[in-house]
Structure formats: C-alpha cells, structure tokens
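Coordinates as given in target.csv (CSV, C-alpha atoms):
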chain,number,residue,atom,x,y,z
A,22,ALA,CA,-6.7,4.3,5.5
A,23,LEU,CA,-5.6,8.0,5.7
A,24,LEU,CA,-2.7,7.3,3.3
A,25,GLY,CA,-5.1,5.9,0.7
A,26,MET,CA,-7.3,8.9,1.1
A,27,LEU,CA,-4.4,11.3,0.6
A,28,GLN,CA,-2.8,9.6,-2.4
A,29,PRO,CA,-3.8,11.1,-5.8
A,30,GLY,CA,-5.0,8.3,-8.2
A,31,ALA,CA,-5.5,5.8,-5.4
A,32,ASP,CA,-8.6,3.6,-5.3
A,33,PRO,CA,-11.2,5.4,-3.1
A,34,VAL,CA,-11.5,4.3,0.5
A,35,ARG,CA,-15.0,2.8,0.8
A,36,LYS,CA,-15.1,1.6,4.4
A,37,ILE,CA,-12.8,1.5,7.4
A,38,THR,CA,-13.3,-0.8,10.4
A,39,ILE,CA,-11.4,-1.8,13.5
A,40,VAL,CA,-13.5,-4.9,13.9
A,41,PRO,CA,-11.1,-7.8,13.5
A,42,ARG,CA,-11.7,-10.0,10.4
A,43,GLY,CA,-9.7,-13.2,10.0
A,44,ARG,CA,-6.0,-12.4,10.5
A,45,ALA,CA,-6.6,-8.7,10.2
A,46,LEU,CA,-7.0,-6.6,13.3
A,47,GLY,CA,-8.9,-4.0,11.2
A,48,VAL,CA,-9.6,-3.5,7.5
A,49,THR,CA,-9.6,-0.6,5.0
A,50,MET,CA,-11.7,-1.5,1.9
A,51,SER,CA,-10.8,0.3,-1.3
A,52,THR,CA,-12.2,-0.3,-4.7
A,53,PRO,CA,-11.5,1.4,-8.0
A,54,GLU,CA,-14.0,3.6,-9.7
A,55,VAL,CA,-13.3,1.9,-13.0
A,56,GLU,CA,-11.7,-1.4,-13.7
A,57,ARG,CA,-8.0,-1.1,-14.5
A,58,TYR,CA,-6.2,-3.3,-16.9
A,59,ALA,CA,-2.8,-1.8,-16.5
A,60,HIS,CA,-1.2,0.0,-13.5
A,61,SER,CA,1.4,2.8,-13.5
A,62,GLU,CA,4.4,2.7,-11.3
A,63,GLY,CA,3.0,5.6,-9.3
A,64,TYR,CA,-0.3,3.7,-8.7
A,65,LEU,CA,1.6,0.6,-7.5
A,66,ARG,CA,3.8,2.7,-5.2
A,67,GLY,CA,0.7,4.2,-3.8
A,68,ARG,CA,-0.7,0.7,-3.1
A,69,ILE,CA,2.6,-0.1,-1.3
A,70,ILE,CA,2.4,3.1,0.7
A,71,GLY,CA,-1.1,2.4,1.7
A,72,ALA,CA,-0.3,-1.2,2.7
A,73,LEU,CA,2.5,0.1,4.9
A,74,GLY,CA,0.2,2.6,6.5
A,75,GLY,CA,-0.7,0.6,9.6
A,76,MET,CA,2.9,-0.2,10.4
A,77,ALA,CA,3.9,3.4,9.7
A,78,ALA,CA,1.1,4.6,12.0
A,79,GLU,CA,2.4,2.4,14.8
A,80,GLN,CA,5.9,3.8,14.4
A,81,VAL,CA,4.7,7.5,14.2
A,82,VAL,CA,2.2,7.3,17.1
A,83,TYR,CA,3.7,4.7,19.4
A,84,GLY,CA,7.3,4.4,18.3
A,85,VAL,CA,6.9,0.6,18.0
A,86,VAL,CA,6.0,-1.9,15.3
A,87,THR,CA,3.9,-5.0,16.1
A,88,THR,CA,3.1,-8.2,14.2
A,89,GLY,CA,-0.2,-6.7,13.0
A,90,ALA,CA,1.1,-5.9,9.6
A,91,GLU,CA,1.8,-9.5,8.4
A,92,ASN,CA,-0.8,-9.5,5.6
A,93,ASP,CA,0.1,-6.0,4.6
A,94,LEU,CA,3.8,-7.0,4.2
A,95,GLU,CA,2.8,-9.9,2.0
A,96,GLN,CA,1.0,-7.5,-0.3
A,97,VAL,CA,4.0,-5.2,-0.3
A,98,SER,CA,6.3,-8.0,-1.2
A,99,ASN,CA,4.1,-9.3,-4.0
A,100,ILE,CA,3.6,-5.8,-5.6
A,101,ALA,CA,7.3,-4.9,-5.3
A,102,ARG,CA,8.4,-8.3,-6.6
A,103,ALA,CA,6.1,-8.0,-9.6
A,104,MET,CA,7.3,-4.4,-10.3
A,105,VAL,CA,10.9,-5.4,-10.3
A,106,ALA,CA,10.9,-9.0,-11.7
A,107,ARG,CA,7.9,-9.0,-14.1
A,108,TRP,CA,7.0,-5.5,-15.2
A,109,GLY,CA,10.3,-3.9,-15.9
A,110,MET,CA,10.0,-1.1,-13.3
A,111,SER,CA,13.5,-1.3,-12.0
A,112,GLU,CA,16.5,0.3,-13.8
A,113,ARG,CA,18.9,-2.2,-12.2
A,114,VAL,CA,17.0,-5.3,-13.5
A,115,GLY,CA,15.9,-3.6,-16.7
A,116,ARG,CA,13.1,-4.2,-19.1
A,117,LEU,CA,12.9,-7.9,-18.4
A,118,SER,CA,10.5,-10.4,-16.9
A,119,THR,CA,12.9,-12.4,-14.8
A,120,LEU,CA,10.4,-14.5,-12.7
A,121,PRO,CA,7.2,-16.3,-13.7
A,122,SER,CA,3.9,-14.7,-12.8
A,123,ASP,CA,2.9,-17.9,-10.8
A,124,PRO,CA,5.1,-18.2,-7.7
A,125,GLN,CA,4.6,-22.0,-7.8
A,126,GLN,CA,6.5,-22.1,-11.1
A,127,ALA,CA,9.5,-20.3,-9.6
A,128,TYR,CA,11.0,-23.5,-8.4
A,129,GLY,CA,13.2,-24.9,-11.2
A,130,LEU,CA,12.7,-21.9,-13.4
A,131,ALA,CA,14.2,-19.2,-11.2
A,132,ALA,CA,16.6,-16.6,-12.4
A,133,ALA,CA,20.4,-16.8,-11.7
A,134,PRO,CA,21.4,-16.2,-8.1
A,135,GLN,CA,23.0,-12.9,-9.0
A,136,THR,CA,19.7,-11.7,-10.6
A,137,LEU,CA,17.7,-12.9,-7.6
A,138,ASP,CA,20.1,-10.8,-5.3
A,139,VAL,CA,19.4,-7.7,-7.4
A,140,ILE,CA,15.7,-8.4,-7.4
A,141,ASP,CA,15.8,-8.6,-3.6
A,142,THR,CA,17.8,-5.4,-3.3
A,143,GLU,CA,15.4,-3.5,-5.6
A,144,MET,CA,12.3,-4.9,-3.8
A,145,ARG,CA,13.9,-3.7,-0.5
A,146,ARG,CA,14.7,-0.3,-2.0
A,147,ILE,CA,11.1,0.2,-3.2
A,148,ALA,CA,9.6,-0.9,0.2
A,149,ASP,CA,12.0,1.3,2.2
A,150,GLU,CA,11.2,4.4,0.0
A,151,CYS,CA,7.5,3.8,0.4
A,152,TYR,CA,7.7,3.2,4.1
A,153,GLU,CA,9.6,6.5,4.6
A,154,GLU,CA,7.0,8.3,2.5
A,155,ALA,CA,4.2,6.6,4.6
A,156,CYS,CA,5.8,7.8,7.8
A,157,ARG,CA,6.4,11.3,6.5
A,158,LYS,CA,2.8,11.7,5.2
A,159,LEU,CA,1.4,10.4,8.5
A,160,GLN,CA,3.6,12.9,10.5
A,161,ASP,CA,2.5,15.7,8.2
A,162,HIS,CA,-1.2,14.8,8.6
A,163,ARG,CA,-1.2,13.7,12.3
A,164,GLY,CA,-4.3,15.7,13.1
A,165,GLN,CA,-6.3,13.9,10.5
A,166,LEU,CA,-4.9,10.5,11.6
A,167,ASN,CA,-6.0,11.3,15.2
A,168,ALA,CA,-9.5,12.4,14.1
A,169,LEU,CA,-10.0,9.1,12.2
A,170,ALA,CA,-8.7,7.1,15.1
A,171,GLU,CA,-11.0,8.8,17.6
A,172,ALA,CA,-14.0,8.3,15.3
A,173,LEU,CA,-13.2,4.6,14.8
A,174,LEU,CA,-12.9,4.1,18.5
A,175,GLU,CA,-16.3,5.6,18.9
A,176,ASN,CA,-18.0,3.9,15.9
A,177,GLU,CA,-15.9,0.9,15.0
A,178,THR,CA,-16.7,1.3,11.3
A,179,LEU,CA,-16.8,4.4,9.0
A,180,GLU,CA,-18.4,4.5,5.6
A,181,GLU,CA,-16.7,6.4,2.8
A,182,ALA,CA,-18.5,9.8,3.1
A,183,ASP,CA,-18.0,9.9,6.9
A,184,ALA,CA,-14.3,8.9,6.7
A,185,TYR,CA,-13.5,11.6,4.2
A,186,ARG,CA,-15.5,14.2,6.1
A,187,ILE,CA,-13.9,13.4,9.4
A,188,ALA,CA,-10.4,13.5,7.9
A,189,GLY,CA,-11.3,16.8,6.2
A,190,ILE,CA,-10.4,15.5,2.8
A,191,THR,CA,-12.1,16.1,-0.5
A,192,ARG,CA,-12.1,12.7,-2.2
A,193,LEU,CA,-9.6,12.7,-5.0
A,194,THR,CA,-10.7,11.4,-8.4
A,195,LYS,CA,-8.7,9.8,-11.2
A,196,ASP,CA,-8.6,13.2,-12.9
A,197,ASP,CA,-6.8,14.8,-9.9
A,198,ALA,CA,-3.9,12.4,-10.3
A,199,GLN,CA,-2.9,13.8,-13.7

Mind converting the file's structure to structure tokens?
Amino acid sequence: ALLGMLQPGADPVRKITIVPRGRALGVTMSTPEVERYAHSEGYLRGRIIGALGGMAAEQVVYGVVTTGAENDLEQVSNIARAMVARWGMSERVGRLSTLPSDPQQAYGLAAAPQTLDVIDTEMRRIADECYEEACRKLQDHRGQLNALAEALLENETLEEADAYRIAGITRLTKDDAQ
C-alpha cells in the first residue's frame, strides 16, 4: 500500500485491510481518479512495483519471503508480459506484438522459441528492476511503513484519508506525475 501511495501517477489507495479475502492475506484497493484508455510505461512499472510491495516488505522487515505474494506475482507476470510481448515496451523485442492478447490463443500461435526466450529475459529484467526499486523505497520510508503496519494491527482496515494521514503523505494527483 505504501508504495502505491508514494508513486507519482499511481491510482490512489482507497482502502487497506489485513482481513483475509479469498487467497489474499490482506488487500490494498486502488482505483483511478479517471478512466484510463492507454497506460504509459511508467504507470505500468508503478503497478508492478506496487504489486511487489508485499514481497519486498517481507524481505525488508523480516529478511524472508513467504508464499503470500502468489496473486501479486501473477499480476506482475501479466503486466510485464504485455509490456514486452504486446505493447512494444522492450528495446530487445522491439515495436512488435509477438503474443496474442488472449493467453488461451497462445497455444499453436506462439512466437519462435528464440523470441520466447527474449520475452522471458525481458520480463525478468523488468520484474527484477521493479523489485529492487520496491525494496529501496520501503527501506527509505521504513518509518511510514511501520506506522501503517501498527495502525492496521490496531484497526484491521484503513480508509483512504486515514491511510495517507498515518503515513504522513499528501495524496499525489495525476498532475503531480508530470
């Protein structure tokens, strides 16, 4: 949640809860202020950084990573794959759409094995860069992370205004990202 609150241009964090929901051990709900029809590479990287936040927080705080990030990693993989293989956001793959938008269509229509290797390498590069950024930001803002964690342990759920106030963050708007 903290990473989404710190990221310029990110969708605002509306609610944070540590109450388990389905497979998630806790949930951060973010929704855009306006509906977006196209996403910049910076916005997509911010989404990946945010999705990796739970895993990064475990590493920064406890020095261990658990299985709690499974759904987050699925999101990371889907965004990174689309960036590289559909939206031309990788210099190595180039300005091509190399995989279909529907993963079910991928069978029988997949790119050449060498291209798939490059896609995998580029997805890994993007995820690794974003994970390093997530860990760095959490280390740099450890006091805010601790304040949010303590408030969540006490209240279980924080609404938008309380979350930003407790973290000491003025909510960034889309204009701040420019």

Exercise for review: Fewer than 6 positions away in the same chain doesn't count, so skip those; otherwise give me all residues within 7 Å of stretch 147-164 of chain A, counting all atoms listed in the file, as a list in words.
Suggested key: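 Near stretch 147-164 of chain A, the qualifying residues are Arg66, Ile69, Ile70, Leu73, Gly74, Ala77, Ala78, Val81 and Ala101 of chain A.
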
Exercise for review: For each of A:Pro33, A:Ile39, A:Met110, A:Thr119, take the minimum atom-to-atom distance to A:Leu169, counting only C-alpha atoms, then give the residue where this is smallest.
Suggested key: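 Among A:Pro33, A:Ile39, A:Met110, A:Thr119, it is A:Ile39 that comes nearest to A:Leu169.
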
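By chain and then residue number, the residues within 12 Å of A:Met50 are Ala22, Leu23, Gly25, Met26, Asp32, Pro33, Val34, Arg35, Lys36, Ile37, Thr38, Ile39, Gly71, Ala72, Thr178, Leu179, Glu180, Glu181 and Ala184 of chain A, counting only C-alpha atoms and disregarding those fewer than 5 positions away in sequence.
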
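Ranking A:Ser51, A:Leu46, A:Ala182, A:Glu143 by their shortest atom-to-atom distance to A:Gly89, with all atoms listed in the file included, puts A:Leu46 first.
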
Please, what is the axis-aligned box for every listed atom of stretch 44-63 of chain A with 8 Å on each side, as centre and edge lengths in Å to one decimal, as JSON?
{"center_x": -4.8, "center_y": -3.4, "center_z": -1.8, "size_x": 34.4, "size_y": 34.0, "size_z": 46.2}

Point to revise | Selected residue, from A:Thr136, A:Asn167, A:Ser61, A:Ser122, that lies nearest to A:Asn99 when counting all atoms listed in the file | key: A:Ser122

Check your understanding: Near A:Gly115, within 12 Å and counting all atoms listed in the file, which residues show up once chain neighbours fewer than 2 positions away are dropped, as a PyMOL selection string?
Key -> chain A and resi 104-113+117-119+136+139-140+143

Check your understanding: Could you state the separation of atom CA of A:Ala172 and atom CA of A:Ile187 in Å, given to one decimal place?
Key ->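 Atom CA of A:Ile187 lies at a distance of 7.8 Å from atom CA of A:Ala172.
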
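Atom CA of A:Met76 lies 13.1 Å from atom CA of A:Gln96.
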
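Going from atom CA of A:Ala132 to atom CA of A:Arg116 covers 14.5 Å.
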